[in-house]
>>> print(open('structure25.cif').read())   # mmCIF, C-alpha atoms
data_entry
#
loop_
_atom_site.label_atom_id
_atom_site.label_comp_id
_atom_site.auth_asym_id
_atom_site.auth_seq_id
_atom_site.Cartn_x
_atom_site.Cartn_y
_atom_site.Cartn_z
CA MET A 1 17.56 -10.33 -0.57
CA THR A 2 15.56 -13.15 -2.12
CA SER A 3 12.01 -13.41 -3.45
CA GLN A 4 9.43 -16.12 -3.96
CA ASN A 5 5.74 -16.64 -4.59
CA VAL A 6 3.80 -17.95 -1.61
CA THR A 7 0.24 -19.16 -1.06
CA ILE A 8 -1.91 -17.67 1.69
CA PRO A 9 -5.14 -19.24 3.00
CA ALA A 10 -8.07 -16.84 2.75
CA PHE A 11 -10.22 -16.44 5.85
CA SER A 12 -13.33 -17.02 3.71
CA GLY A 13 -11.99 -20.22 2.16
CA GLY A 14 -9.71 -20.82 -0.79
CA SER A 15 -6.27 -19.34 -1.09
CA PHE A 16 -4.40 -16.67 -3.00
CA SER A 17 -0.86 -16.08 -4.14
CA ALA A 18 1.47 -13.32 -3.01
CA TYR A 19 4.93 -12.11 -3.88
CA LEU A 20 7.27 -12.25 -0.89
CA ALA A 21 10.53 -10.27 -0.81
CA VAL A 22 12.84 -11.45 1.97
CA PRO A 23 15.74 -9.32 3.24
CA SER A 24 19.16 -10.78 3.93
CA THR A 25 18.92 -9.68 7.57
CA GLN A 26 16.79 -11.41 10.20
CA PRO A 27 14.53 -11.03 12.05
CA SER A 28 12.61 -8.35 10.19
CA ALA A 29 9.59 -6.14 10.58
CA GLY A 30 7.00 -6.71 7.88
CA ILE A 31 5.18 -4.66 5.28
CA VAL A 32 1.99 -5.61 3.46
CA LEU A 33 2.45 -3.83 0.12
CA ILE A 34 -0.94 -3.16 -1.46
CA GLN A 35 -1.38 -3.11 -5.22
CA GLU A 36 -2.76 -0.42 -7.49
CA ILE A 37 -5.57 -1.27 -9.90
CA LEU A 38 -2.84 -2.79 -12.08
CA GLY A 39 -2.34 -5.97 -10.04
CA VAL A 40 0.92 -7.43 -8.75
CA ASN A 41 2.95 -6.18 -11.68
CA GLN A 42 6.66 -5.54 -12.18
CA ASN A 43 6.40 -2.14 -10.52
CA MET A 44 4.90 -3.63 -7.34
CA ARG A 45 7.51 -6.39 -7.24
CA GLN A 46 10.32 -3.88 -7.66
CA THR A 47 8.86 -1.72 -4.89
CA ALA A 48 8.75 -4.80 -2.65
CA ASP A 49 12.38 -5.59 -3.48
CA ASP A 50 13.38 -2.01 -2.64
CA TYR A 51 11.76 -2.23 0.80
CA ALA A 52 13.38 -5.62 1.36
CA LYS A 53 16.76 -4.04 0.68
CA GLU A 54 15.92 -1.64 3.52
CA GLY A 55 15.51 -4.65 5.80
CA TYR A 56 11.77 -5.31 5.65
CA LEU A 57 9.93 -8.56 4.97
CA VAL A 58 7.51 -7.50 2.23
CA LEU A 59 4.38 -9.29 1.03
CA VAL A 60 2.36 -8.23 -2.05
CA PRO A 61 -0.93 -10.18 -2.07
CA ASP A 62 -2.87 -10.77 -5.28
CA LEU A 63 -6.11 -9.05 -4.32
CA TYR A 64 -7.77 -9.72 -7.68
CA TRP A 65 -7.62 -13.51 -7.23
CA ARG A 66 -11.40 -13.87 -6.99
CA LEU A 67 -11.82 -12.02 -10.29
CA GLU A 68 -8.74 -13.08 -12.25
CA PRO A 69 -5.59 -14.46 -10.62
CA GLY A 70 -2.19 -13.19 -11.70
CA VAL A 71 -3.18 -9.84 -13.20
CA GLN A 72 -0.19 -7.73 -14.28
CA LEU A 73 -1.07 -4.53 -16.13
CA ASP A 74 0.90 -1.60 -17.53
CA SER A 75 -0.52 1.88 -16.89
CA GLU A 76 1.10 3.18 -20.09
CA ILE A 77 -0.90 0.81 -22.33
CA LYS A 78 -4.38 2.25 -22.80
CA GLU A 79 -6.19 -1.08 -23.08
CA GLN A 80 -4.47 -2.45 -19.98
CA LEU A 81 -5.28 0.65 -17.94
CA ALA A 82 -8.91 0.33 -19.04
CA LYS A 83 -8.90 -3.28 -17.86
CA GLY A 84 -7.56 -2.10 -14.51
CA PHE A 85 -10.57 0.18 -14.13
CA GLU A 86 -12.91 -2.67 -15.09
CA LEU A 87 -11.38 -4.85 -12.39
CA LEU A 88 -11.67 -2.00 -9.91
CA GLN A 89 -15.40 -1.74 -10.57
CA ALA A 90 -15.82 -5.47 -9.96
CA PHE A 91 -13.53 -5.59 -6.92
CA ASP A 92 -15.15 -6.21 -3.54
CA VAL A 93 -13.41 -3.95 -1.02
CA ASP A 94 -14.60 -5.80 2.09
CA SER A 95 -13.27 -9.12 0.78
CA GLY A 96 -10.03 -7.38 -0.13
CA VAL A 97 -9.63 -6.10 3.43
CA GLU A 98 -10.18 -9.63 4.73
CA ASP A 99 -7.39 -10.84 2.42
CA LEU A 100 -5.16 -8.09 3.78
CA LYS A 101 -5.91 -9.28 7.31
CA ALA A 102 -4.84 -12.77 6.23
CA SER A 103 -1.68 -11.25 4.75
CA LEU A 104 -1.02 -9.40 8.00
CA ALA A 105 -1.37 -12.66 9.93
CA PHE A 106 0.94 -14.45 7.48
CA LEU A 107 3.71 -11.92 8.04
CA ARG A 108 3.31 -11.86 11.82
CA GLN A 109 3.62 -15.65 11.89
CA HIS A 110 6.58 -15.80 9.48
CA PRO A 111 9.64 -17.41 11.09
CA SER A 112 11.81 -14.34 10.45
CA SER A 113 9.22 -11.77 11.59
CA THR A 114 9.58 -9.50 14.60
CA GLY A 115 5.78 -9.40 14.80
CA LYS A 116 5.66 -5.73 13.83
CA VAL A 117 3.85 -5.29 10.52
CA GLY A 118 2.64 -2.20 8.68
CA SER A 119 1.14 -1.51 5.27
CA VAL A 120 1.98 0.67 2.29
CA GLY A 121 -0.55 1.04 -0.53
CA PHE A 122 -0.91 2.96 -3.79
CA CYS A 123 -4.09 4.18 -5.55
CA LEU A 124 -6.65 1.43 -4.79
CA GLY A 125 -4.01 0.21 -2.35
CA GLY A 126 -3.92 3.68 -0.82
CA LYS A 127 -7.61 3.40 -0.06
CA LEU A 128 -7.04 -0.07 1.37
CA ALA A 129 -4.12 1.17 3.49
CA TYR A 130 -6.59 3.62 5.04
CA PHE A 131 -8.86 0.65 5.81
CA MET A 132 -5.86 -1.16 7.28
CA ALA A 133 -5.71 1.74 9.72
CA THR A 134 -9.43 1.68 10.49
CA ARG A 135 -10.19 -2.06 10.40
CA THR A 136 -7.02 -3.89 11.47
CA ASP A 137 -4.33 -3.74 14.13
CA ALA A 138 -1.48 -3.13 11.67
CA ASP A 139 1.24 -1.20 13.47
CA ALA A 140 1.61 1.66 10.95
CA ASN A 141 0.03 2.44 7.58
CA VAL A 142 0.96 4.55 4.56
CA SER A 143 -1.49 5.58 1.84
CA TYR A 144 -0.24 6.96 -1.47
CA TYR A 145 -2.89 8.90 -3.40
CA GLY A 146 -5.69 6.81 -1.95
CA VAL A 147 -9.02 7.08 -3.75
CA ASP A 148 -12.50 7.38 -2.19
CA ILE A 149 -11.23 8.07 1.33
CA ASP A 150 -13.48 11.14 1.52
CA ASN A 151 -16.52 8.83 1.39
CA ASN A 152 -15.22 6.67 4.23
CA LEU A 153 -14.31 9.23 6.88
CA ALA A 154 -16.92 7.82 9.28
CA GLU A 155 -14.37 5.06 9.98
CA ALA A 156 -11.65 7.52 10.99
CA ALA A 157 -12.64 7.29 14.66
CA LYS A 158 -11.43 3.67 14.62
CA ILE A 159 -7.83 4.60 13.78
CA GLN A 160 -5.61 3.32 16.59
CA LYS A 161 -2.16 3.33 14.95
CA PRO A 162 -0.19 5.98 13.00
CA LEU A 163 -1.23 6.71 9.42
CA ILE A 164 0.35 8.79 6.64
CA LEU A 165 -1.61 10.05 3.65
CA HIS A 166 0.47 11.17 0.65
CA MET A 167 -1.88 13.27 -1.49
CA SER A 168 -1.26 14.52 -5.04
CA GLY A 169 -2.20 18.18 -5.36
CA LYS A 170 -3.55 17.68 -8.90
CA ASP A 171 -4.86 14.15 -8.47
CA GLU A 172 -7.25 13.51 -11.35
CA TYR A 173 -9.05 10.82 -9.32
CA VAL A 174 -9.35 12.75 -6.03
CA SER A 175 -10.89 16.17 -6.62
CA PRO A 176 -9.82 19.32 -4.74
CA GLY A 177 -13.14 19.16 -2.89
CA ALA A 178 -12.55 15.55 -1.89
CA GLN A 179 -9.05 16.42 -0.70
CA ALA A 180 -10.40 19.31 1.37
CA THR A 181 -12.99 16.97 2.90
CA ILE A 182 -10.27 14.48 3.83
CA GLN A 183 -8.06 17.14 5.38
CA GLN A 184 -10.96 18.62 7.32
CA GLY A 185 -12.14 15.23 8.50
CA LEU A 186 -8.72 14.08 9.73
CA LYS A 187 -7.05 17.32 10.86
CA ASP A 188 -7.77 16.79 14.54
CA ASN A 189 -6.54 13.19 14.65
CA PRO A 190 -3.02 13.14 16.15
CA LEU A 191 -2.33 9.72 14.61
CA VAL A 192 -2.77 11.01 11.05
CA THR A 193 -0.17 12.95 9.06
CA ILE A 194 -1.12 14.35 5.66
CA TYR A 195 1.46 15.40 3.08
CA ARG A 196 0.32 17.22 -0.07
CA TYR A 197 2.50 17.35 -3.16
CA GLU A 198 1.47 20.47 -5.02
CA GLY A 199 1.26 20.17 -8.79
CA MET A 200 1.62 16.39 -8.71
CA ASN A 201 -0.71 14.04 -10.53
CA HIS A 202 -2.00 10.66 -9.42
CA GLY A 203 0.74 8.04 -9.58
CA PHE A 204 3.71 10.36 -9.09
CA SER A 205 5.65 7.57 -7.33
CA ARG A 206 5.04 4.95 -10.05
CA VAL A 207 8.52 4.46 -11.46
CA GLY A 208 8.65 4.10 -15.23
CA SER A 209 5.27 5.73 -15.84
CA SER A 210 4.46 9.07 -17.45
CA ALA A 211 3.09 10.25 -14.07
CA TYR A 212 6.41 9.63 -12.27
CA ARG A 213 8.10 12.69 -10.76
CA GLN A 214 11.43 11.85 -9.18
CA GLU A 215 11.74 14.71 -6.70
CA ALA A 216 8.28 14.23 -5.19
CA ALA A 217 8.62 10.43 -5.27
CA GLU A 218 11.93 10.55 -3.40
CA LEU A 219 10.57 13.01 -0.83
CA ALA A 220 7.53 10.80 -0.20
CA GLY A 221 9.76 7.75 -0.09
CA ASP A 222 12.09 9.31 2.48
CA ARG A 223 9.13 10.32 4.63
CA THR A 224 7.67 6.83 4.38
CA LEU A 225 10.91 5.10 5.36
CA ALA A 226 11.43 7.42 8.33
CA PHE A 227 7.85 6.74 9.44
CA LEU A 228 8.25 2.97 9.11
CA LYS A 229 11.53 3.00 10.99
CA GLN A 230 9.92 5.02 13.77
CA HIS A 231 6.89 2.76 14.19
CA LEU A 232 8.07 -0.68 13.02
CA GLY A 233 11.77 -0.46 13.79
CA SER A 234 14.57 -0.15 11.27
CA GLY A 235 13.52 -3.36 9.57
CA VAL A 236 15.84 -5.53 11.65
CA ILE A 237 16.60 -5.95 15.33
CA GLN A 238 19.83 -4.20 16.18
CA GLY A 239 22.72 -6.63 16.45
CA ALA A 240 20.98 -9.33 14.44
CA THR A 241 22.97 -11.09 11.77
CA ALA A 242 21.88 -12.72 8.57
#
>>> encode(input="structure25.cif", output="structure tokens")
Amino acid sequence: MTSQNVTIPAFSGGSFSAYLAVPSTQPSAGIVLIQEILGVNQNMRQTADDYAKEGYLVLVPDLYWRLEPGVQLDSEIKEQLAKGFELLQAFDVDSGVEDLKASLAFLRQHPSSTGKVGSVGFCLGGKLAYFMATRTDADANVSYYGVDIDNNLAEAAKIQKPLILHMSGKDEYVSPGAQATIQQGLKDNPLVTIYRYEGMNHGFSRVGSSAYRQEAAELAGDRTLAFLKQHLGSGVIQGATA
């Protein structure tokens, strides 16, 4: 696989950067990988590379570009985590979704794309992956410990494509009541699958962090890959060569 930084025109004017991980096989289904509150940091780039090694064309857009381009924060450094929360408070979700739509279009138009594109998001990105399911025509969407979904269930009726929610049983940012509200609000939707990881904290799939739990992360990862292969294809068209 190879990687590069690309520039994407925003629908509202201006442009933003994104990290693009390109598999060695072509053509490929695409994934819009959606950042946590920490920006497009080393963890997000490594996650993109891992999906590219599975055969997917992966784009990680810099959603903070209107606030501060190029943010890369470490969750284990208190001051940097605090800055992440400050950026979250200033972040405009609707503009972020528009940037994700632009990212979706970029991948669909990429020369090596099959046209099938899904999304995978973590934390803030998990919330935005839910909006990818309700506000876009992305082919499949995966939300890891998405925040604030309980306050946006009115949009659930708009879901037209399959969605997975990975929920942390002890998520410090999504209360047990909020989780119950989400489960109740989505339980009758056949397009939505909810997995709960009992005893897990927020960020259990963030490699290298104190929240990381290998067993749960690998289980969620296996479920995500199986889901993506089912709805996007295996990453590459069978019989294609690099």
>>> closest_residue(input="structure25.cif", among="A:Ala102, A:Ala180, A:Ala52, A:Ile164", to="Lys127 (chain A)", atoms="all atoms listed in the file")
A:Ile164
>>> resolve_selection(input="structure25.cif", expression="the PyMOL selection byres ((chain A and resi 216) around 10)", output="list in words")
Ser168, Arg196, Tyr197, Glu198, Gly199, Met200, Phe204, Ser205, Tyr212, Arg213, Gln214, Glu215, Ala217, Glu218, Leu219, Ala220, Gly221 and Asp222 of chain A
>>> residues_around(input="structure25.cif", residues="Leu87 (chain A)", least_positions_apart="3", cutoff="12 Å", atoms="only C-alpha atoms", output="PyMOL selection string")
chain A and resi 36-39+63-69+71-73+80-84+90-93+124
>>> closest_residue(input="structure25.cif", among="A:Gly30, A:Pro9, A:Gly185, A:Pro23", to="Glu54 (chain A)", atoms="all atoms listed in the file")
A:Pro23
>>> closest_residue(input="structure25.cif", among="A:Ile34, A:Leu20, A:Ala157, A:Val147", to="Asp99 (chain A)", atoms="all atoms listed in the file")
A:Ile34
>>> atom_distance(input="structure25.cif", atom1="CA of Lys170 (chain A)", atom2="CA of Asn201 (chain A)")
4.9 Å
>>> closest_residue(input="structure25.cif", among="A:Ala129, A:Ile31, A:Ile159, A:Ile77", to="His231 (chain A)", atoms="all atoms listed in the file")
A:Ile31
>>> atom_distance(input="structure25.cif", atom1="CA of Met167 (chain A)", atom2="CA of Ser143 (chain A)")
8.4 Å
>>> closest_residue(input="structure25.cif", among="A:Lys78, A:Arg223, A:Lys229, A:Arg206", to="Met44 (chain A)", atoms="only C-alpha atoms")
A:Arg206
>>> closest_residue(input="structure25.cif", among="A:Phe16, A:Ser112, A:Thr134, A:Gly121", to="Ala48 (chain A)", atoms="all atoms listed in the file")
A:Gly121
>>> resolve_selection(input="structure25.cif", expression="the PyMOL selection byres ((chain A and resi 142) around 9)", output="ChimeraX atom specification")
/A:118-122,126,129-130,133,140-141,143-144,162-166,224,227-228
>>> write_last_selection(input="structure25.cif", atoms="C-alpha atoms", output="PDB file, keeping the file's coordinate frame")
ATOM      1  CA  GLY A 118       2.640  -2.200   8.680  1.00  0.00           C
ATOM      2  CA  SER A 119       1.140  -1.510   5.270  1.00  0.00           C
ATOM      3  CA  VAL A 120       1.980   0.670   2.290  1.00  0.00           C
ATOM      4  CA  GLY A 121      -0.550   1.040  -0.530  1.00  0.00           C
ATOM      5  CA  PHE A 122      -0.910   2.960  -3.790  1.00  0.00           C
ATOM      6  CA  GLY A 126      -3.920   3.680  -0.820  1.00  0.00           C
ATOM      7  CA  ALA A 129      -4.120   1.170   3.490  1.00  0.00           C
ATOM      8  CA  TYR A 130      -6.590   3.620   5.040  1.00  0.00           C
ATOM      9  CA  ALA A 133      -5.710   1.740   9.720  1.00  0.00           C
ATOM     10  CA  ALA A 140       1.610   1.660  10.950  1.00  0.00           C
ATOM     11  CA  ASN A 141       0.030   2.440   7.580  1.00  0.00           C
ATOM     12  CA  SER A 143      -1.490   5.580   1.840  1.00  0.00           C
ATOM     13  CA  TYR A 144      -0.240   6.960  -1.470  1.00  0.00           C
ATOM     14  CA  PRO A 162      -0.190   5.980  13.000  1.00  0.00           C
ATOM     15  CA  LEU A 163      -1.230   6.710   9.420  1.00  0.00           C
ATOM     16  CA  ILE A 164       0.350   8.790   6.640  1.00  0.00           C
ATOM     17  CA  LEU A 165      -1.610  10.050   3.650  1.00  0.00           C
ATOM     18  CA  HIS A 166       0.470  11.170   0.650  1.00  0.00           C
ATOM     19  CA  THR A 224       7.670   6.830   4.380  1.00  0.00           C
ATOM     20  CA  PHE A 227       7.850   6.740   9.440  1.00  0.00           C
ATOM     21  CA  LEU A 228       8.250   2.970   9.110  1.00  0.00           C
TER      22      LEU A 228
END
>>> residues_near_point(input="structure25.cif", point="(-5.8, -0.6, 14.0)", cutoff="8 Å", atoms="only C-alpha atoms", output="MDAnalysis selection string")
chainID A and resid 132:139 158:161
>>> atom_distance(input="structure25.cif", atom1="CA of Gly70 (chain A)", atom2="CA of Ser113 (chain A)")
26.0 Å
>>> resolve_selection(input="structure25.cif", expression="the PyMOL selection byres ((chain A and resi 43) around 9)", output="VMD selection string")
chain A and resid 40 to 42 44 to 48 74 206 to 208
>>> residues_around(input="structure25.cif", residues="Ala29 (chain A)", least_positions_apart="5", cutoff="8 Å", atoms="all atoms listed in the file", output="PyMOL selection string")
chain A and resi 55-57+113-117+232-236
>>> residues_around(input="structure25.cif", residues="Ile8 (chain A)", least_positions_apart="3", cutoff="12 Å", atoms="all atoms listed in the file", output="PyMOL selection string")
chain A and resi 5+11-20+59-63+65+98-107+109-110
>>> decode(input="structure25.cif", residues="region 121-154 of chain A", atoms="N, CA and C atoms", output="mmCIF file, in the first residue's frame")
data_model
loop_
_atom_site.group_PDB
_atom_site.id
_atom_site.type_symbol
_atom_site.label_atom_id
_atom_site.label_comp_id
_atom_site.auth_asym_id
_atom_site.auth_seq_id
_atom_site.Cartn_x
_atom_site.Cartn_y
_atom_site.Cartn_z
ATOM 1 N N GLY A 121 -16.269 5.505 11.822
ATOM 2 C CA GLY A 121 -15.905 6.648 12.651
ATOM 3 C C GLY A 121 -15.827 6.291 14.123
ATOM 4 N N PHE A 122 -15.014 7.063 14.850
ATOM 5 C CA PHE A 122 -14.743 6.819 16.261
ATOM 6 C C PHE A 122 -15.049 8.062 17.081
ATOM 7 N N CYS A 123 -15.776 7.898 18.206
ATOM 8 C CA CYS A 123 -16.026 9.004 19.135
ATOM 9 C C CYS A 123 -16.849 10.090 18.426
ATOM 10 N N LEU A 124 -16.318 11.287 18.243
ATOM 11 C CA LEU A 124 -16.984 12.290 17.400
ATOM 12 C C LEU A 124 -17.267 11.683 16.031
ATOM 13 N N GLY A 125 -16.295 10.950 15.501
ATOM 14 C CA GLY A 125 -16.486 10.281 14.220
ATOM 15 C C GLY A 125 -17.570 9.232 14.254
ATOM 16 N N GLY A 126 -17.787 8.631 15.417
ATOM 17 C CA GLY A 126 -18.880 7.671 15.566
ATOM 18 C C GLY A 126 -20.232 8.343 15.448
ATOM 19 N N LYS A 127 -20.341 9.532 16.012
ATOM 20 C CA LYS A 127 -21.558 10.327 15.842
ATOM 21 C C LYS A 127 -21.741 10.697 14.369
ATOM 22 N N LEU A 128 -20.653 11.103 13.727
ATOM 23 C CA LEU A 128 -20.732 11.504 12.329
ATOM 24 C C LEU A 128 -21.002 10.318 11.405
ATOM 25 N N ALA A 129 -20.534 9.128 11.778
ATOM 26 C CA ALA A 129 -20.861 7.932 10.990
ATOM 27 C C ALA A 129 -22.357 7.657 11.044
ATOM 28 N N TYR A 130 -22.971 7.929 12.195
ATOM 29 C CA TYR A 130 -24.429 7.822 12.303
ATOM 30 C C TYR A 130 -25.095 8.805 11.344
ATOM 31 N N PHE A 131 -24.580 10.040 11.284
ATOM 32 C CA PHE A 131 -25.124 11.016 10.339
ATOM 33 C C PHE A 131 -24.841 10.627 8.890
ATOM 34 N N MET A 132 -23.744 9.917 8.652
ATOM 35 C CA MET A 132 -23.507 9.397 7.299
ATOM 36 C C MET A 132 -24.627 8.432 6.910
ATOM 37 N N ALA A 133 -25.144 7.716 7.888
ATOM 38 C CA ALA A 133 -26.245 6.789 7.627
ATOM 39 C C ALA A 133 -27.567 7.519 7.426
ATOM 40 N N THR A 134 -27.750 8.650 8.125
ATOM 41 C CA THR A 134 -29.038 9.341 8.053
ATOM 42 C C THR A 134 -29.078 10.443 6.991
ATOM 43 N N ARG A 135 -27.913 10.964 6.606
ATOM 44 C CA ARG A 135 -27.906 12.148 5.735
ATOM 45 C C ARG A 135 -27.205 11.935 4.391
ATOM 46 N N THR A 136 -26.615 10.777 4.167
ATOM 47 C CA THR A 136 -25.909 10.545 2.907
ATOM 48 C C THR A 136 -26.317 9.189 2.329
ATOM 49 N N ASP A 137 -25.809 8.906 1.135
ATOM 50 C CA ASP A 137 -26.087 7.618 0.510
ATOM 51 C C ASP A 137 -24.884 6.679 0.589
ATOM 52 N N ALA A 138 -24.037 6.861 1.605
ATOM 53 C CA ALA A 138 -22.926 5.930 1.825
ATOM 54 C C ALA A 138 -23.477 4.510 1.913
ATOM 55 N N ASP A 139 -22.729 3.558 1.389
ATOM 56 C CA ASP A 139 -23.251 2.198 1.226
ATOM 57 C C ASP A 139 -23.308 1.385 2.518
ATOM 58 N N ALA A 140 -22.516 1.727 3.505
ATOM 59 C CA ALA A 140 -22.512 1.040 4.801
ATOM 60 C C ALA A 140 -21.752 1.929 5.779
ATOM 61 N N ASN A 141 -22.155 1.906 7.046
ATOM 62 C CA ASN A 141 -21.552 2.815 8.020
ATOM 63 C C ASN A 141 -21.324 2.114 9.351
ATOM 64 N N VAL A 142 -20.209 2.458 9.994
ATOM 65 C CA VAL A 142 -19.829 1.840 11.263
ATOM 66 C C VAL A 142 -19.480 2.932 12.262
ATOM 67 N N SER A 143 -20.166 2.911 13.396
ATOM 68 C CA SER A 143 -19.946 3.899 14.453
ATOM 69 C C SER A 143 -19.330 3.221 15.671
ATOM 70 N N TYR A 144 -18.150 3.665 16.058
ATOM 71 C CA TYR A 144 -17.521 3.209 17.299
ATOM 72 C C TYR A 144 -17.762 4.243 18.382
ATOM 73 N N TYR A 145 -18.359 3.809 19.467
ATOM 74 C CA TYR A 145 -18.672 4.638 20.645
ATOM 75 C C TYR A 145 -19.021 6.077 20.275
ATOM 76 N N GLY A 146 -20.039 6.175 19.403
ATOM 77 C CA GLY A 146 -20.506 7.486 18.965
ATOM 78 C C GLY A 146 -21.194 8.244 20.092
ATOM 79 N N VAL A 147 -20.908 9.524 20.183
ATOM 80 C CA VAL A 147 -21.477 10.361 21.243
ATOM 81 C C VAL A 147 -22.701 11.115 20.723
ATOM 82 N N ASP A 148 -23.648 11.375 21.611
ATOM 83 C CA ASP A 148 -24.792 12.260 21.330
ATOM 84 C C ASP A 148 -25.794 11.674 20.328
ATOM 85 N N ILE A 149 -25.691 10.401 20.035
ATOM 86 C CA ILE A 149 -26.648 9.795 19.101
ATOM 87 C C ILE A 149 -28.047 9.775 19.700
ATOM 88 N N ASP A 150 -28.129 9.633 21.029
ATOM 89 C CA ASP A 150 -29.431 9.578 21.695
ATOM 90 C C ASP A 150 -30.252 10.846 21.464
ATOM 91 N N ASN A 151 -29.570 11.972 21.223
ATOM 92 C CA ASN A 151 -30.270 13.238 20.995
ATOM 93 C C ASN A 151 -30.592 13.479 19.524
ATOM 94 N N ASN A 152 -30.264 12.503 18.687
ATOM 95 C CA ASN A 152 -30.481 12.657 17.242
ATOM 96 C C ASN A 152 -31.235 11.475 16.641
ATOM 97 N N LEU A 153 -32.027 10.813 17.463
ATOM 98 C CA LEU A 153 -32.746 9.622 16.992
ATOM 99 C C LEU A 153 -33.901 9.967 16.056
ATOM 100 N N ALA A 154 -34.311 11.234 16.028
ATOM 101 C CA ALA A 154 -35.385 11.624 15.104
ATOM 102 C C ALA A 154 -34.967 11.392 13.657
#
